[in-house]
Amino acid sequence: MKKITLLIALLVCSVGFGQISVGSAGDVNQRVTVQKLSDVDPTTYVNSNQQRTTNQNISIEDNSNSDVLSNTQGASRVFIPRVQDQTLLKNTVTTSSYLTGVFSYSDYLSNGNVPITRAVSSDRNTVVVNTNRNSGVIDTYTDLTTFNANVAGGLTSEDFGGSPVGGGISACGPIINSTGDGTCFLAGEIVDGFDLTASNGTDVVYIGAGAIGNPSTLVGANTFAEFTIVTFTGDPVFEVAHDIWNNGDVDTDYRVYDTGGGLIQSFNLNNTVQTENFFGIISPIEIGHIEIQGLNDSGELFGNFLFTAPGGGGGGPCDQMTVTPGGGVENGRGCSSNNSWVASNDFIVPTGQDAELTSLIPQILVNPGQTILTADVTLYDDVAGLPGAVLDAQVGIVPTSQPMIGSAFGLDLLAVTLDVTPLSMPGDAGMDVTYWIAVQVTTSDGGNAFWEDQSPDVIGEFLAFSPDNGASWSIPATRDGVYTYVA
């Protein structure tokens with residue numbers, strides 16, 4: 001059965017690290033003292049009792065010396081996603097889901113034995129234990145009421161009812177969508193807009209209400225070793241919500257990807273096994289697909305599915321985002337106030353649009369245990385591919401949040417949310433318009449900070465750098481910053 005639910009709209013780094021001392025910005029032959037070994041390449045950096053000149057493999061790419069994180073020796077990059085310290089209660093199931101020969105939900109049919117379950121429905125809330133990769137980009141919701149209050153526009157609903165197989169358990173083949181699968185759903189029974197599949201092209205499964213003690217009809221990957229994939233195929237989707245069923249492990253990995261296949265953000269969710277628990281997300285970036293995976297090959301299911309209705313959406317037409325490369329943090333560009341250095345990334349207003357930036361989330365590397373006290377954000381127009389005239393400047397912004405999302409090069413990586421007084425960026429009816437958003441931060445130790453940058457995911461111009469508080473600009477490398485712009 002399907003329905004459209006309409007809801008009320010609610011719209012919404014200085015240089016060096018580990019105590020690296022540098023001299024004048026233009027002197028590439030200056031001596032650099034590094035006070036701890038690099039985590040990346042011991043041939044590149046030396047300890048505090050030694051010195052090397054920059055022609056002895058100290059990695060500085062340009063005459064500003066603002067980029068000391070680069071690894072020119074080809075060693076692997078180091079990225080360690082942060083996982084919070086935690087002790088998780090491992091729930092015990094009286095009648096095991098892992099009976100001999102039971103590797104999928106379909107196996108319950110031949111075995112004749114199912115787990116004892118706790119019949120708890122979506123009034124039970126998911127616990128978000130931690131987030132990894134680009135933390136802070138996506139808003140999460142653990143109850144339906146709060147989620148509904150924050151949705152912009154309407155939602156499409158799918159409860160997976162109306163199957164000709166009735167209740168019970170049925171393997172549906174490799175895909176469930178609106179065209180029908182030949183077993184579980186007739187053509188037109190499922191709403192348009194998504195494909196439900198399993199990893200490695202294996203079967204998906206239909207679990208009628210009550211078949212394994214579940215209050216609602218559920219679907220997902222049939223085989224416990226595979227994970228569930230929901231790919232959005234219609235109008236843009238920014239909001240997603242549903243109940244999650246943890247089959248045999250309290251932990252579920254939940255991964256959200258953009259339309260190009262890039263990971264926006266991932267979550268670790270913790271729930272009591274064999275109960276239904278609500279989880280919802282609103283992303284400023286259009287969602288391409290999600291992956292739901294019960295840990296330790298435990299199986300996962302979902303139901304009571306909601307996603308952005310045609311014409312709705314939590315994101316804006318001008319939102320812009322890049323992400324950390326799959327291989328880890330590639331580099332960073334100085335952006336801290338202690339040495340007058342500023343980093344800037346461009347912002348493209350699409351043809352026929354006007355933009356108003358309300359928030360930005362640069363990913364910034366700082367010394368271990370340190371935070372960003374304040375940030376200065378400056379809006380520039382574009383002159384020949386570089387920041388030009390100052391259009392707006394906001395100083396002393398205190399970050400709204402700055403979770404540590406990982407570490408690299410011996411530094412902490414922070415996702416720094418900066419909410420700004422809206423920055424107005426008028427567009428043009430006949431062409432895209434480029435602006436520049438510059439960031440300079442002050443850290444809690446008064447030390448160096450670096451705006452993470454990368455080369456695989458470049459939008460518009462490369463990151464620009466100023467060694468003198470924005471008086472002059474250059475593009476020192478073919479990399480773009482890692483950030484989210486919400487407009």
# chains A, B, ... in the order shown; residues from 1 in each chain; ligands from 1
>>> residues_around(residues="Gly427 in chain A", least_positions_apart="5", cutoff="7 Å", atoms="only C-alpha atoms", output="list in words")
Val349, Thr351, Gly352, Gln353, Asp354, Asp432 and Val433 of chain A
>>> write_last_selection(atoms="all heavy atoms", output="tab-separated table (two decimals), in the first residue's frame")
chain	number	residue	atom	x	y	z
A	349	VAL	N	27.20	29.48	-7.86
A	349	VAL	CA	25.75	29.66	-7.89
A	349	VAL	C	25.27	29.25	-9.28
A	349	VAL	O	25.68	29.83	-10.29
A	349	VAL	CB	25.37	31.13	-7.61
A	349	VAL	CG1	23.85	31.30	-7.68
A	349	VAL	CG2	25.89	31.56	-6.24
A	351	THR	N	23.21	28.60	-12.77
A	351	THR	CA	22.47	29.48	-13.67
A	351	THR	C	21.00	29.59	-13.25
A	351	THR	O	20.35	28.58	-12.98
A	351	THR	CB	22.55	28.93	-15.11
A	351	THR	OG1	23.91	28.85	-15.50
A	351	THR	CG2	21.79	29.82	-16.08
A	352	GLY	N	20.54	30.82	-13.18
A	352	GLY	CA	19.14	31.05	-12.86
A	352	GLY	C	18.79	30.96	-11.39
A	352	GLY	O	17.62	31.04	-11.04
A	353	GLN	N	19.78	30.82	-10.52
A	353	GLN	CA	19.54	30.71	-9.09
A	353	GLN	C	20.17	31.89	-8.36
A	353	GLN	O	21.12	32.52	-8.86
A	353	GLN	CB	20.14	29.41	-8.54
A	353	GLN	CG	19.60	28.15	-9.15
A	353	GLN	CD	18.24	27.77	-8.61
A	353	GLN	OE1	17.76	28.32	-7.63
A	353	GLN	NE2	17.59	26.83	-9.28
A	354	ASP	N	19.64	32.19	-7.19
A	354	ASP	CA	20.29	33.05	-6.21
A	354	ASP	C	20.59	32.19	-4.99
A	354	ASP	O	19.82	31.27	-4.67
A	354	ASP	CB	19.41	34.23	-5.80
A	354	ASP	CG	19.16	35.20	-6.94
A	354	ASP	OD1	20.10	35.41	-7.74
A	354	ASP	OD2	18.04	35.73	-7.03
A	432	ASP	N	26.52	30.48	-14.75
A	432	ASP	CA	26.91	30.26	-13.37
A	432	ASP	C	27.72	31.45	-12.87
A	432	ASP	O	28.40	32.13	-13.65
A	432	ASP	CB	27.78	29.00	-13.25
A	432	ASP	CG	27.01	27.72	-13.53
A	432	ASP	OD1	25.77	27.77	-13.61
A	432	ASP	OD2	27.66	26.67	-13.66
A	433	VAL	N	27.63	31.72	-11.57
A	433	VAL	CA	28.40	32.80	-10.96
A	433	VAL	C	29.26	32.22	-9.84
A	433	VAL	O	28.77	31.45	-9.01
A	433	VAL	CB	27.48	33.90	-10.40
A	433	VAL	CG1	28.31	35.01	-9.73
A	433	VAL	CG2	26.61	34.49	-11.51
>>> residues_around(residues="Pro426 in chain A", least_positions_apart="2", cutoff="7 Å", atoms="only C-alpha atoms", output="PDB file with all heavy atoms, in the first residue's frame")
ATOM      1  N   ASP A 354      19.635  32.185  -7.188  1.00  0.00           N
ATOM      2  CA  ASP A 354      20.295  33.053  -6.213  1.00  0.00           C
ATOM      3  C   ASP A 354      20.595  32.192  -4.993  1.00  0.00           C
ATOM      4  O   ASP A 354      19.820  31.270  -4.669  1.00  0.00           O
ATOM      5  CB  ASP A 354      19.407  34.226  -5.801  1.00  0.00           C
ATOM      6  CG  ASP A 354      19.162  35.198  -6.940  1.00  0.00           C
ATOM      7  OD1 ASP A 354      20.096  35.410  -7.742  1.00  0.00           O
ATOM      8  OD2 ASP A 354      18.043  35.730  -7.026  1.00  0.00           O
ATOM      9  N   ALA A 355      21.693  32.459  -4.309  1.00  0.00           N
ATOM     10  CA  ALA A 355      22.077  31.642  -3.156  1.00  0.00           C
ATOM     11  C   ALA A 355      22.219  32.497  -1.914  1.00  0.00           C
ATOM     12  O   ALA A 355      22.576  33.681  -1.982  1.00  0.00           O
ATOM     13  CB  ALA A 355      23.386  30.907  -3.435  1.00  0.00           C
ATOM     14  N   SER A 424      24.612  36.601   1.131  1.00  0.00           N
ATOM     15  CA  SER A 424      23.839  36.709  -0.101  1.00  0.00           C
ATOM     16  C   SER A 424      24.753  36.637  -1.312  1.00  0.00           C
ATOM     17  O   SER A 424      25.732  37.382  -1.419  1.00  0.00           O
ATOM     18  CB  SER A 424      23.051  38.014  -0.111  1.00  0.00           C
ATOM     19  OG  SER A 424      22.331  38.156  -1.324  1.00  0.00           O
ATOM     20  N   ASP A 428      22.881  34.637 -11.920  1.00  0.00           N
ATOM     21  CA  ASP A 428      22.687  35.245 -13.230  1.00  0.00           C
ATOM     22  C   ASP A 428      21.789  34.326 -14.048  1.00  0.00           C
ATOM     23  O   ASP A 428      21.935  33.100 -13.989  1.00  0.00           O
ATOM     24  CB  ASP A 428      24.038  35.427 -13.935  1.00  0.00           C
ATOM     25  CG  ASP A 428      23.920  36.206 -15.231  1.00  0.00           C
ATOM     26  OD1 ASP A 428      23.547  35.593 -16.254  1.00  0.00           O
ATOM     27  OD2 ASP A 428      24.205  37.415 -15.224  1.00  0.00           O
TER      28      ASP A 428
END
>>> closest_residue(among="A:Pro362, A:Gly385, A:Gly369, A:Gly406", to="Tyr483 in chain A", atoms="only C-alpha atoms")
A:Pro362
>>> closest_residue(among="A:Gly288, A:Gly261, A:Ile169, A:Asn268", to="Gly193 in chain A", atoms="only C-alpha atoms")
A:Gly288
>>> closest_residue(among="A:Leu391, A:Ala225, A:Ile207, A:Ala343", to="Leu423 in chain A", atoms="only C-alpha atoms")
A:Leu391
>>> closest_atom_pairs(of="range 225-261 of chain A", to="range 322-337 of chain A", cutoff="12 Å", atoms="only C-alpha atoms", output="JSON lines")
{"residue": "A:Tyr257", "atom": "CA", "partner": "A:Val323", "partner_atom": "CA", "distance": 10.8}
{"residue": "A:Asp258", "atom": "CA", "partner": "A:Thr322", "partner_atom": "CA", "distance": 10.3}
{"residue": "A:Gly260", "atom": "CA", "partner": "A:Thr322", "partner_atom": "CA", "distance": 11.1}
{"residue": "A:Gly261", "atom": "CA", "partner": "A:Val323", "partner_atom": "CA", "distance": 11.2}
>>> write_last_selection(atoms="C-alpha atoms", output="tab-separated table (two decimals), in the first residue's frame")
chain	number	residue	atom	x	y	z
A	257	TYR	CA	25.96	8.16	-0.35
A	258	ASP	CA	25.46	11.03	-2.79
A	260	GLY	CA	27.81	10.14	-7.60
A	261	GLY	CA	28.51	7.27	-5.21
>>> residues_around(residues="Ser216 in chain A", least_positions_apart="4", cutoff="9 Å", atoms="only C-alpha atoms", output="JSON, numbers by chain")
{"A": [121, 159, 207, 208, 209, 210, 243, 276, 303, 304]}
>>> write_last_selection(atoms="C-alpha atoms", output="short mmCIF file (atom, residue, chain, number, x, y, z; two decimals), in the first residue's frame")
data_model
loop_
_atom_site.label_atom_id
_atom_site.label_comp_id
_atom_site.auth_asym_id
_atom_site.auth_seq_id
_atom_site.Cartn_x
_atom_site.Cartn_y
_atom_site.Cartn_z
CA SER A 121 7.42 -0.88 17.16
CA ASP A 159 4.65 0.16 4.18
CA ILE A 207 8.81 -10.70 6.03
CA GLY A 208 5.09 -10.38 6.73
CA ALA A 209 4.00 -8.78 9.99
CA GLY A 210 4.34 -11.28 12.82
CA ASP A 243 12.11 1.38 11.23
CA GLU A 276 11.79 -2.30 15.42
CA GLY A 303 9.96 -1.14 7.13
CA ASN A 304 7.54 1.79 7.39
#
>>> select_by_dssp(residues="range 263-375 of chain A", states="strand (DSSP E)", output="number ranges by chain")
A: 263-270, 276-282, 287-294, 300-308, 320-321, 331-334, 342-349, 355-360, 363-366, 372-375
>>> residues_around(residues="Ser474 in chain A", least_positions_apart="5", cutoff="8 Å", atoms="only C-alpha atoms", output="ChimeraX atom specification")
/A:386,464-466
>>> write_last_selection(atoms="all heavy atoms", output="compact mmCIF listing (two decimals), in the first residue's frame")
# COMPACT_ATOMS: atom_id res chain seq x y z
N LEU A 386 40.41 33.84 -8.93
CA LEU A 386 40.94 34.03 -7.58
C LEU A 386 39.98 34.94 -6.79
O LEU A 386 39.18 35.66 -7.39
CB LEU A 386 42.33 34.67 -7.62
CG LEU A 386 43.49 33.81 -8.08
CD1 LEU A 386 44.74 34.67 -8.28
CD2 LEU A 386 43.77 32.68 -7.10
N ALA A 464 42.32 28.23 -2.98
CA ALA A 464 43.23 29.38 -3.05
C ALA A 464 43.82 29.65 -1.66
O ALA A 464 43.20 29.35 -0.63
CB ALA A 464 42.49 30.62 -3.54
N PHE A 465 45.01 30.25 -1.65
CA PHE A 465 45.74 30.49 -0.40
C PHE A 465 46.28 31.92 -0.36
O PHE A 465 46.73 32.46 -1.37
CB PHE A 465 46.90 29.51 -0.27
CG PHE A 465 47.83 29.82 0.86
CD1 PHE A 465 47.45 29.59 2.18
CD2 PHE A 465 49.08 30.36 0.60
CE1 PHE A 465 48.31 29.90 3.22
CE2 PHE A 465 49.94 30.67 1.65
CZ PHE A 465 49.55 30.44 2.96
N SER A 466 46.19 32.52 0.84
CA SER A 466 46.77 33.85 1.06
C SER A 466 47.73 33.78 2.25
O SER A 466 47.37 33.30 3.32
CB SER A 466 45.68 34.87 1.37
OG SER A 466 46.25 36.11 1.78
>>> residues_around(residues="Val383 in chain A", least_positions_apart="3", cutoff="12 Å", atoms="only C-alpha atoms", output="VMD selection string")
chain A and resid 346 380 386 to 390 433 to 436 461 473 to 474
>>> closest_residue(among="A:Val398, A:Leu365, A:Ile264, A:Ile175", to="Val377 in chain A", atoms="only C-alpha atoms")
A:Val398
>>> atom_distance(atom1="CA of Gly460 in chain A", atom2="CA of Ile138 in chain A")
23.4 Å
>>> residues_around(residues="Thr442 in chain A", least_positions_apart="4", cutoff="7 Å", atoms="only C-alpha atoms", output="JSON, numbers by chain")
{"A": [336, 337, 372, 373, 374, 375, 446]}
>>> atom_distance(atom1="CA of Ile176 in chain A", atom2="CA of His289 in chain A")
14.6 Å
>>> residues_around(residues="Asp249 in chain A", least_positions_apart="2", cutoff="9 Å", atoms="only C-alpha atoms", output="PDB file with N, CA and C atoms, in the first residue's frame")
ATOM      1  N   LYS A  90      25.576  -6.732  24.915  1.00  0.00           N
ATOM      2  CA  LYS A  90      25.286  -7.748  23.911  1.00  0.00           C
ATOM      3  C   LYS A  90      24.070  -8.553  24.362  1.00  0.00           C
ATOM      4  N   ASN A  91      22.941  -8.351  23.718  1.00  0.00           N
ATOM      5  CA  ASN A  91      21.715  -9.021  24.110  1.00  0.00           C
ATOM      6  C   ASN A  91      21.744 -10.492  23.707  1.00  0.00           C
ATOM      7  N   ASN A 246      17.086  -5.050  14.011  1.00  0.00           N
ATOM      8  CA  ASN A 246      18.365  -5.715  14.265  1.00  0.00           C
ATOM      9  C   ASN A 246      18.075  -7.193  14.529  1.00  0.00           C
ATOM     10  N   ASN A 247      18.597  -8.068  13.706  1.00  0.00           N
ATOM     11  CA  ASN A 247      18.237  -9.477  13.801  1.00  0.00           C
ATOM     12  C   ASN A 247      19.010 -10.218  14.885  1.00  0.00           C
ATOM     13  N   ASP A 251      24.368  -3.906  16.865  1.00  0.00           N
ATOM     14  CA  ASP A 251      24.962  -2.830  16.059  1.00  0.00           C
ATOM     15  C   ASP A 251      24.613  -2.966  14.584  1.00  0.00           C
ATOM     16  N   THR A 252      24.321  -1.813  13.970  1.00  0.00           N
ATOM     17  CA  THR A 252      24.066  -1.724  12.538  1.00  0.00           C
ATOM     18  C   THR A 252      24.887  -0.586  11.966  1.00  0.00           C
ATOM     19  N   ASN A 270      22.815   1.541  17.475  1.00  0.00           N
ATOM     20  CA  ASN A 270      22.767   0.526  18.516  1.00  0.00           C
ATOM     21  C   ASN A 270      21.331   0.353  19.006  1.00  0.00           C
ATOM     22  N   ASN A 271      20.792  -0.849  18.850  1.00  0.00           N
ATOM     23  CA  ASN A 271      19.418  -1.139  19.256  1.00  0.00           C
ATOM     24  C   ASN A 271      19.332  -2.530  19.868  1.00  0.00           C
ATOM     25  N   THR A 272      18.305  -2.760  20.655  1.00  0.00           N
ATOM     26  CA  THR A 272      18.024  -4.092  21.152  1.00  0.00           C
ATOM     27  C   THR A 272      17.687  -5.011  19.981  1.00  0.00           C
ATOM     28  N   VAL A 273      18.236  -6.227  19.989  1.00  0.00           N
ATOM     29  CA  VAL A 273      17.992  -7.138  18.876  1.00  0.00           C
ATOM     30  C   VAL A 273      16.526  -7.521  18.827  1.00  0.00           C
ATOM     31  N   GLN A 274      16.052  -7.801  17.603  1.00  0.00           N
ATOM     32  CA  GLN A 274      14.709  -8.257  17.308  1.00  0.00           C
ATOM     33  C   GLN A 274      13.622  -7.316  17.832  1.00  0.00           C
ATOM     34  N   GLY A 294      23.713  -5.117   9.195  1.00  0.00           N
ATOM     35  CA  GLY A 294      23.850  -5.666  10.529  1.00  0.00           C
ATOM     36  C   GLY A 294      25.249  -6.229  10.714  1.00  0.00           C
ATOM     37  N   LEU A 295      25.923  -5.844  11.802  1.00  0.00           N
ATOM     38  CA  LEU A 295      27.304  -6.256  11.996  1.00  0.00           C
ATOM     39  C   LEU A 295      27.403  -7.754  12.282  1.00  0.00           C
ATOM     40  N   ASN A 296      28.584  -8.280  12.006  1.00  0.00           N
ATOM     41  CA  ASN A 296      28.897  -9.696  12.264  1.00  0.00           C
ATOM     42  C   ASN A 296      27.955 -10.637  11.516  1.00  0.00           C
ATOM     43  N   ASP A 297      27.616 -10.250  10.280  1.00  0.00           N
ATOM     44  CA  ASP A 297      26.747 -11.076   9.433  1.00  0.00           C
ATOM     45  C   ASP A 297      25.470 -11.463  10.171  1.00  0.00           C
ATOM     46  N   SER A 298      24.860 -10.470  10.832  1.00  0.00           N
ATOM     47  CA  SER A 298      23.717 -10.755  11.700  1.00  0.00           C
ATOM     48  C   SER A 298      22.371 -10.582  11.020  1.00  0.00           C
ATOM     49  N   GLY A 299      22.339  -9.936   9.875  1.00  0.00           N
ATOM     50  CA  GLY A 299      21.081  -9.672   9.196  1.00  0.00           C
ATOM     51  C   GLY A 299      20.450  -8.371   9.638  1.00  0.00           C
TER      52      GLY A 299
END
